[in-house]
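> Coordinates in start-v3.cif, mmCIF, C-alpha atoms and all ligand atoms, are listed below.
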```
data_target
loop_
_atom_site.label_atom_id
_atom_site.label_comp_id
_atom_site.auth_asym_id
_atom_site.auth_seq_id
_atom_site.Cartn_x
_atom_site.Cartn_y
_atom_site.Cartn_z
CA MET V 1 0.00 0.00 0.00
CA ASN V 2 1.74 3.17 -1.05
CA PHE V 3 -1.20 5.58 -1.15
CA GLU V 4 -0.07 7.15 -4.40
CA GLU V 5 -3.59 6.56 -5.70
CA PHE V 6 -6.83 6.84 -3.75
CA VAL V 7 -7.47 3.82 -1.51
CA LEU V 8 -11.06 2.99 -0.61
CA ALA V 9 -10.97 1.12 2.70
CA ALA V 10 -13.88 -0.94 3.96
CA SER V 11 -13.98 -0.20 7.66
CA LEU V 12 -14.56 -3.47 9.53
CA ALA V 13 -14.75 -4.76 13.08
CA ASP V 14 -15.07 -8.28 11.69
CA LEU V 15 -12.50 -9.40 9.14
CA ASP V 16 -14.87 -12.10 7.83
CA ALA V 17 -16.69 -9.28 6.06
CA GLU V 18 -13.68 -8.84 3.77
CA THR V 19 -15.29 -11.20 1.26
CA ASP V 20 -18.25 -8.81 0.96
CA ALA V 21 -15.91 -5.83 0.65
CA ARG V 22 -13.82 -7.16 -2.23
CA ALA V 23 -16.13 -6.03 -4.98
CA HIS V 24 -15.78 -2.35 -4.08
CA ALA V 25 -12.81 -1.81 -1.75
CA ASP V 26 -9.05 -1.56 -2.32
CA ALA V 27 -8.24 -2.41 1.31
CA VAL V 28 -9.88 -3.14 4.62
CA GLU V 29 -9.48 -1.01 7.69
CA PHE V 30 -9.52 -3.47 10.59
CA ARG V 31 -10.76 -1.68 13.70
CA MET V 32 -8.85 -3.76 16.22
CA ASP V 33 -10.37 -1.78 19.07
CA LEU V 34 -13.85 -2.99 18.07
CA ALA V 35 -12.86 -6.66 17.72
CA SER V 36 -12.62 -9.25 20.48
CA ASP V 37 -9.29 -11.00 19.73
CA PRO V 38 -7.76 -8.82 17.04
CA LEU V 39 -4.27 -10.35 16.85
CA ALA V 40 -5.61 -13.90 16.57
CA THR V 41 -8.07 -12.72 13.92
CA LEU V 42 -5.29 -11.06 11.95
CA GLY V 43 -3.12 -14.16 12.28
CA GLU V 44 -5.85 -16.23 10.63
CA TYR V 45 -6.70 -13.70 7.97
CA ASP V 46 -6.49 -15.11 4.46
CA GLY V 47 -8.38 -12.46 2.55
CA GLU V 48 -7.28 -10.77 -0.66
CA LEU V 49 -7.39 -7.15 0.41
CA PRO V 50 -4.46 -5.60 2.29
CA VAL V 51 -5.19 -4.54 5.86
CA LEU V 52 -4.90 -1.06 7.31
CA ALA V 53 -4.79 -1.76 11.04
CA THR V 54 -6.30 0.75 13.46
CA ASN V 55 -6.46 0.34 17.23
CA ARG V 56 -8.23 3.51 18.17
CA ALA V 57 -7.85 4.88 21.70
CA VAL V 58 -10.84 5.91 23.79
CA TRP V 59 -9.37 9.41 24.01
CA GLU V 60 -9.51 9.64 20.21
CA GLY V 61 -13.05 8.30 19.77
CA GLY V 62 -12.30 4.57 19.76
CA GLU V 63 -12.74 1.76 22.27
CA ALA V 64 -9.21 0.70 23.24
CA GLU V 65 -8.75 1.65 26.87
CA ASP V 66 -5.27 0.67 27.95
CA ASP V 67 -2.86 2.72 25.86
CA GLU V 68 0.19 0.58 26.48
CA ALA V 69 -1.54 -2.66 25.49
CA ARG V 70 -3.19 -0.94 22.55
CA LEU V 71 0.08 0.26 21.03
CA ALA V 72 1.84 -3.04 21.76
CA GLU V 73 -0.91 -4.88 19.83
CA LEU V 74 -0.70 -2.39 17.00
CA ALA V 75 3.07 -2.85 16.75
CA GLU V 76 2.61 -6.62 16.52
CA ALA V 77 -0.01 -6.16 13.84
CA ALA V 78 2.37 -3.91 11.89
CA GLU V 79 4.79 -6.82 11.53
CA LEU V 80 2.26 -9.21 9.97
CA ALA V 81 2.50 -9.76 6.22
CA CYS V 82 -1.20 -9.06 5.62
CA VAL V 83 -0.94 -5.60 7.20
CA GLY V 84 0.11 -2.98 4.68
CA ALA V 85 -0.38 0.06 6.88
CA VAL V 86 -1.07 1.04 10.48
CA ASP V 87 -2.93 4.06 11.78
CA VAL V 88 -1.24 5.81 14.70
CA GLU V 89 -2.84 8.84 16.33
CA LEU V 90 -0.69 11.94 15.84
CA GLU V 91 -0.94 12.57 19.57
CA SER V 92 0.60 9.14 20.22
CA LEU V 93 3.39 9.87 17.78
CA THR V 94 4.30 13.20 19.30
CA ALA V 95 3.57 12.64 22.98
CA GLY V 96 3.30 8.93 23.58
CA GLU V 97 4.76 5.62 22.62
CA GLY V 98 3.47 5.77 19.07
CA GLU V 99 6.88 6.47 17.58
CA ARG V 100 7.99 2.95 18.59
CA VAL V 101 5.04 1.50 16.70
CA ALA V 102 6.01 3.58 13.68
CA GLU V 103 9.62 2.38 13.88
CA ARG V 104 8.58 -1.26 14.01
CA ALA V 105 6.19 -0.67 11.13
CA ARG V 106 8.89 0.97 9.03
CA ARG V 107 11.30 -1.88 9.66
CA ALA V 108 8.63 -4.31 8.47
CA GLY V 109 7.91 -2.24 5.34
CA THR V 110 4.48 -1.25 6.65
CA ARG V 111 3.22 2.27 5.96
CA VAL V 112 2.19 4.61 8.73
CA VAL V 113 -0.88 6.84 8.71
CA ALA V 114 -0.79 9.58 11.37
CA SER V 115 -4.32 10.57 12.27
CA VAL V 116 -6.08 13.46 13.97
CA HIS V 117 -9.79 13.43 14.83
CA ASP V 118 -12.08 16.18 16.01
CA PHE V 119 -15.55 14.95 16.87
CA GLU V 120 -16.86 18.39 17.70
CA ARG V 121 -15.83 20.89 15.09
CA THR V 122 -13.58 21.84 12.22
CA PRO V 123 -10.66 23.78 13.70
CA PRO V 124 -9.54 26.97 11.93
CA LYS V 125 -7.42 26.55 8.82
CA PRO V 126 -4.05 27.36 10.45
CA ASP V 127 -4.69 24.56 12.97
CA LEU V 128 -5.63 22.10 10.24
CA ARG V 129 -2.47 23.05 8.39
CA GLU V 130 -0.30 22.67 11.47
CA ASP V 131 -1.67 19.21 12.24
CA LEU V 132 -1.16 18.02 8.69
CA GLU V 133 2.33 19.45 8.59
CA THR V 134 3.32 17.46 11.65
CA ALA V 135 1.45 14.35 10.52
CA THR V 136 3.02 14.30 7.04
CA ARG V 137 6.45 14.87 8.55
CA LEU V 138 6.14 11.94 10.92
CA ALA V 139 4.24 9.47 8.74
CA ASP V 140 3.64 8.36 5.16
CA VAL V 141 0.10 9.78 5.18
CA GLY V 142 -1.33 12.58 7.35
CA LYS V 143 -5.00 12.10 8.10
CA LEU V 144 -7.57 14.59 9.35
CA ALA V 145 -11.13 13.58 10.27
CA VAL V 146 -13.00 16.63 11.53
CA THR V 147 -16.64 17.43 12.20
CA ALA V 148 -18.26 19.87 9.80
CA GLU V 149 -20.98 22.10 11.19
CA SER V 150 -21.45 23.96 7.93
CA ARG V 151 -20.53 23.79 4.26
CA SER V 152 -17.79 26.39 4.87
CA ASP V 153 -16.06 23.94 7.19
CA VAL V 154 -15.90 21.52 4.28
CA LEU V 155 -14.47 24.22 2.03
CA ASP V 156 -11.67 24.84 4.55
CA LEU V 157 -10.88 21.14 4.73
CA LEU V 158 -10.87 20.74 0.95
CA ALA V 159 -8.67 23.82 0.48
CA ILE V 160 -6.11 22.45 2.91
CA THR V 161 -6.29 19.04 1.25
CA ARG V 162 -5.60 20.63 -2.13
CA GLU V 163 -2.75 22.69 -0.70
CA PHE V 164 -0.94 19.63 0.67
CA ASP V 165 -1.61 17.52 -2.39
CA ALA V 166 -0.23 20.26 -4.64
CA ALA V 167 2.92 20.31 -2.49
CA GLY V 168 3.34 16.56 -3.05
CA GLU V 169 2.29 15.49 0.45
CA ARG V 170 0.08 12.48 1.02
CA VAL V 171 -3.02 13.30 3.01
CA ALA V 172 -6.38 11.75 3.79
CA THR V 173 -9.23 14.01 4.82
CA MET V 174 -12.90 13.69 5.57
CA ALA V 175 -15.55 15.68 7.37
CA MET V 176 -17.71 13.68 9.74
CA GLY V 177 -21.39 14.42 10.35
CA ALA V 178 -24.25 15.25 7.99
CA PRO V 179 -23.09 18.68 6.70
CA GLY V 180 -19.74 17.14 5.80
CA ARG V 181 -20.96 13.91 4.31
CA HIS V 182 -20.37 14.92 0.69
CA SER V 183 -16.69 15.55 1.55
CA ARG V 184 -16.22 11.79 1.54
CA ALA V 185 -17.09 11.71 -2.14
CA VAL V 186 -15.35 14.88 -3.25
CA ALA V 187 -12.18 15.01 -1.09
CA PRO V 188 -10.45 12.46 -3.39
CA LEU V 189 -10.77 15.03 -6.20
CA TYR V 190 -8.73 17.44 -4.08
CA GLY V 191 -6.05 14.91 -3.24
CA SER V 192 -7.34 12.86 -0.33
CA LYS V 193 -5.80 9.41 -0.57
CA ILE V 194 -7.99 7.32 1.75
CA GLY V 195 -11.75 6.94 2.10
CA TYR V 196 -13.53 4.84 4.74
CA ALA V 197 -16.88 3.14 4.47
CA PRO V 198 -18.71 0.28 6.20
CA VAL V 199 -19.99 -2.61 4.08
CA ALA V 200 -23.45 -2.15 5.66
CA PRO V 201 -24.71 1.28 6.81
CA GLU V 202 -25.51 -0.01 10.31
CA ASP V 203 -21.83 -0.88 10.83
CA ALA V 204 -20.60 2.69 10.35
CA THR V 205 -17.43 3.50 12.28
CA ALA V 206 -17.92 7.28 12.14
CA PRO V 207 -20.80 9.74 11.75
CA GLY V 208 -21.88 10.50 8.19
CA GLN V 209 -20.21 7.60 6.41
CA TYR V 210 -21.75 6.31 3.20
CA ASP V 211 -21.96 2.55 2.81
CA LEU V 212 -19.13 1.06 0.76
CA GLU V 213 -21.03 0.44 -2.46
CA THR V 214 -22.41 3.97 -2.47
CA LEU V 215 -19.07 5.63 -1.77
CA ALA V 216 -17.35 3.51 -4.43
CA ARG V 217 -19.96 4.59 -6.98
CA LEU V 218 -19.81 8.27 -6.01
CA VAL V 219 -16.02 8.37 -6.13
CA ASP V 220 -16.00 6.55 -9.47
CA ASP V 221 -18.65 8.79 -10.96
CA LEU V 222 -16.84 11.94 -9.92
CA SER V 223 -13.36 10.96 -10.89
O1 LIG C 301 -10.05 7.66 11.16
C1 LIG C 301 -10.91 7.09 10.51
C2 LIG C 301 -11.82 7.82 9.67
C3 LIG C 301 -13.23 7.64 10.17
O2 LIG C 301 -13.34 8.29 11.43
C4 LIG C 301 -14.21 8.31 9.21
O3 LIG C 301 -14.66 9.42 9.51
O4 LIG C 301 -14.54 7.69 8.19
C5 LIG C 301 -13.54 6.15 10.30
C6 LIG C 301 -12.55 5.41 11.18
O5 LIG C 301 -12.84 4.01 11.18
C7 LIG C 301 -11.16 5.64 10.67
O6 LIG C 301 -10.24 5.06 11.56
#
```
Please, can you express the file's structure as structure tokens?

Amino acid sequence: MNFEEFVLAASLADLDAETDARAHADAVEFRMDLASDPLATLGEYDGELPVLATNRAVWEGGEAEDDEARLAELAEAAELACVGAVDVELESLTAGEGERVAERARRAGTRVVASVHDFERTPPKPDLREDLETATRLADVGKLAVTAESRSDVLDLLAITREFDAAGERVATMAMGAPGRHSRAVAPLYGSKIGYAPVAPEDATAPGQYDLETLARLVDDLS
């Protein structure tokens, strides 16, 4: 997974659903924090799609509580052949033990996505820029998932996406929530390199996601 082209990731808590994702996805995002025995599940995985492993912390909107165990599991996942990329929260990379996960991932040839989430708002443009600057410096892809309260929030996010893409940086951006929903379909046109969608709408892993088939069609139609 090099993220030179847009990667549509089916976001899954259950890797068995990979078979249903194949028709429309380029990869699966395995939400380890939502699964019961994620390392065993990954060890048995024999699907076709490469895995982007995420073990999201409670403090970043996920369900993994113990940070030390969470990052240790993620580092082990990063060394498995089926895992092409790991998602590490930017906060963990700059202030926690995330850098060790990134080092182990790099040694194994696994890409690192540094992510920032804001479940309440879209921060002002200079803040978005600063986060993406740090994230793209520390990882292969810098990812921003913010919450749009208005269409203007989406415009800010798209403008920043375009700016980084034009400078040759790899970024992934999306606006969560209803006002930002369309960003999931249009951000790839401005340079966003990853999209996330559940196979079935009821399995959404973030507010405002389209189901996989719908997002695949929208992205295809627009590109
Ligand atoms: O970070 C992201 C993006 C996301 O929050 C979204 O808005 O689609 C979905 C999460 O599963 C993923 O880890």
> Counting only C-alpha atoms and all ligand atoms, name the residues that have an atom within 7 Å of an atom of ligand LIG 301 (chain C); the answer should be given as a list in words.
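Residues lying within 7 Å of ligand LIG 301 (chain C): Ser11, Glu29, Arg31, Thr54, Ser115, His117, Ala145, Met174, Ala175, Met176, Gly195, Tyr196, Ala197, Thr205, Ala206, Pro207 and Gln209 of chain V.
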> When distances are computed from all atoms listed in the file, which of V:Glu73, V:Glu91, V:Glu68, V:Glu169 shows the smallest separation from V:Met32?
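Looking only at the distances to V:Met32, the closest residue turns out to be V:Glu73.
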> In Å, with one decimal, what is the gap from atom CA of V:Val86 to atom CA of V:Val112?
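About the pair atom CA of V:Val86 and atom CA of V:Val112: they are 5.1 Å apart.
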> Which value, in Å to one decimal, gives the distance between atom CA of V:Asp221 and atom CA of V:Ala166?
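Computed distance, atom CA of V:Asp221 to atom CA of V:Ala166, equals 22.6 Å.
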> For V:Val186, which residue among V:Arg217, V:Arg107, V:Leu12, V:Ala204 is the nearest when counting all atoms listed in the file?
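Selected residue with least distance to V:Val186: V:Arg217.
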> Atom CA of V:Lys143 and atom CA of V:Glu76, how far apart in Å?
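Atom CA of V:Lys143 lies 21.9 Å from atom CA of V:Glu76.
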> Can you pull out the residues contacting V:Arg56? Cut-off 9 Å, using all atoms listed in the file, and skip same-chain residues under 6 positions away; I want them as a PyMOL selection string.
chain V and resi 31-34+62-65+70+87-89
> Write out as a JSON list (two decimals) with C-alpha atoms, in the frame of the given file each polymer residue whose atoms come within 10 Å of V:Gly47, counting all atoms listed in the file; drop sequence neighbours fewer than 6 positions from it.

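Wrote out.json, looks like this:
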```
[["chain", "number", "residue", "atom", "x", "y", "z"],
["V", 15, "LEU", "CA", -12.50, -9.40, 9.14],
["V", 16, "ASP", "CA", -14.87, -12.10, 7.83],
["V", 17, "ALA", "CA", -16.69, -9.28, 6.06],
["V", 18, "GLU", "CA", -13.68, -8.84, 3.77],
["V", 19, "THR", "CA", -15.29, -11.20, 1.26],
["V", 22, "ARG", "CA", -13.82, -7.16, -2.23],
["V", 28, "VAL", "CA", -9.88, -3.14, 4.62],
["V", 82, "CYS", "CA", -1.20, -9.06, 5.62]]
```
> Using all atoms of stretch 152-166 of chain V listed in the file and a margin of 3 Å per side, can you give the axis-aligned box centre and edge lengths in Å to one decimal, as JSON?

```
{"center_x": -9.0, "center_y": 22.0, "center_z": 1.3, "size_x": 23.6, "size_y": 14.9, "size_z": 17.8}
```
> In terms of the shortest atom-to-atom distance over all atoms listed in the file, which of V:Gly168, V:Pro123, V:Leu155, V:Ala13 is closest to V:Asp140?
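Of V:Gly168, V:Pro123, V:Leu155, V:Ala13, the one nearest V:Asp140 is V:Gly168, counting all atoms listed in the file.
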> Pick out the closest residue to V:Arg181 from this set: V:Phe119, V:Phe30, V:Tyr210, V:Tyr45. Count only C-alpha atoms.
V:Tyr210
> Enumerate, as a PDB file with C-alpha atoms, in the frame of the given file, the protein, DNA and RNA residues whose atoms approach (-9.8, 13.2, 3.0) to within 7 Å, taking into account all atoms listed in the file and the coordinate frame of the file.

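Here's the written file selection_1.pdb:
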```
ATOM      1  CA  LEU V 144      -7.570  14.590   9.350  1.00  0.00           C
ATOM      2  CA  VAL V 171      -3.020  13.300   3.010  1.00  0.00           C
ATOM      3  CA  ALA V 172      -6.380  11.750   3.790  1.00  0.00           C
ATOM      4  CA  THR V 173      -9.230  14.010   4.820  1.00  0.00           C
ATOM      5  CA  MET V 174     -12.900  13.690   5.570  1.00  0.00           C
ATOM      6  CA  ARG V 184     -16.220  11.790   1.540  1.00  0.00           C
ATOM      7  CA  ALA V 187     -12.180  15.010  -1.090  1.00  0.00           C
ATOM      8  CA  PRO V 188     -10.450  12.460  -3.390  1.00  0.00           C
ATOM      9  CA  SER V 192      -7.340  12.860  -0.330  1.00  0.00           C
ATOM     10  CA  LYS V 193      -5.800   9.410  -0.570  1.00  0.00           C
ATOM     11  CA  ILE V 194      -7.990   7.320   1.750  1.00  0.00           C
ATOM     12  CA  GLY V 195     -11.750   6.940   2.100  1.00  0.00           C
TER      13      GLY V 195
END
```
> At a cut-off of 12 Å from (-22.1, 1.2, -2.3) in the coordinates of the file, what residues are picked up using all atoms listed in the file, written as a PyMOL selection string?
chain V and resi 8+10+20-25+185+196-201+209-220
> Which is closest to V:Asp67 among V:Glu5, V:Glu97, V:Asp131, V:Asp14, if we use all atoms listed in the file?
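Looking at the shortest contact to V:Asp67, the residue is V:Glu97.
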> With all atoms listed in the file as the counted atoms, please give the residues lying no more than 7 Å from V:Gly177, apart from itself and same-chain residues fewer than 6 positions off, as a PDB file with C-alpha atoms, keeping the file's coordinate frame.

```pdb
ATOM      1  CA  THR V 147     -16.640  17.430  12.200  1.00  0.00           C
ATOM      2  CA  ALA V 148     -18.260  19.870   9.800  1.00  0.00           C
ATOM      3  CA  PRO V 207     -20.800   9.740  11.750  1.00  0.00           C
ATOM      4  CA  GLY V 208     -21.880  10.500   8.190  1.00  0.00           C
TER       5      GLY V 208
END
```
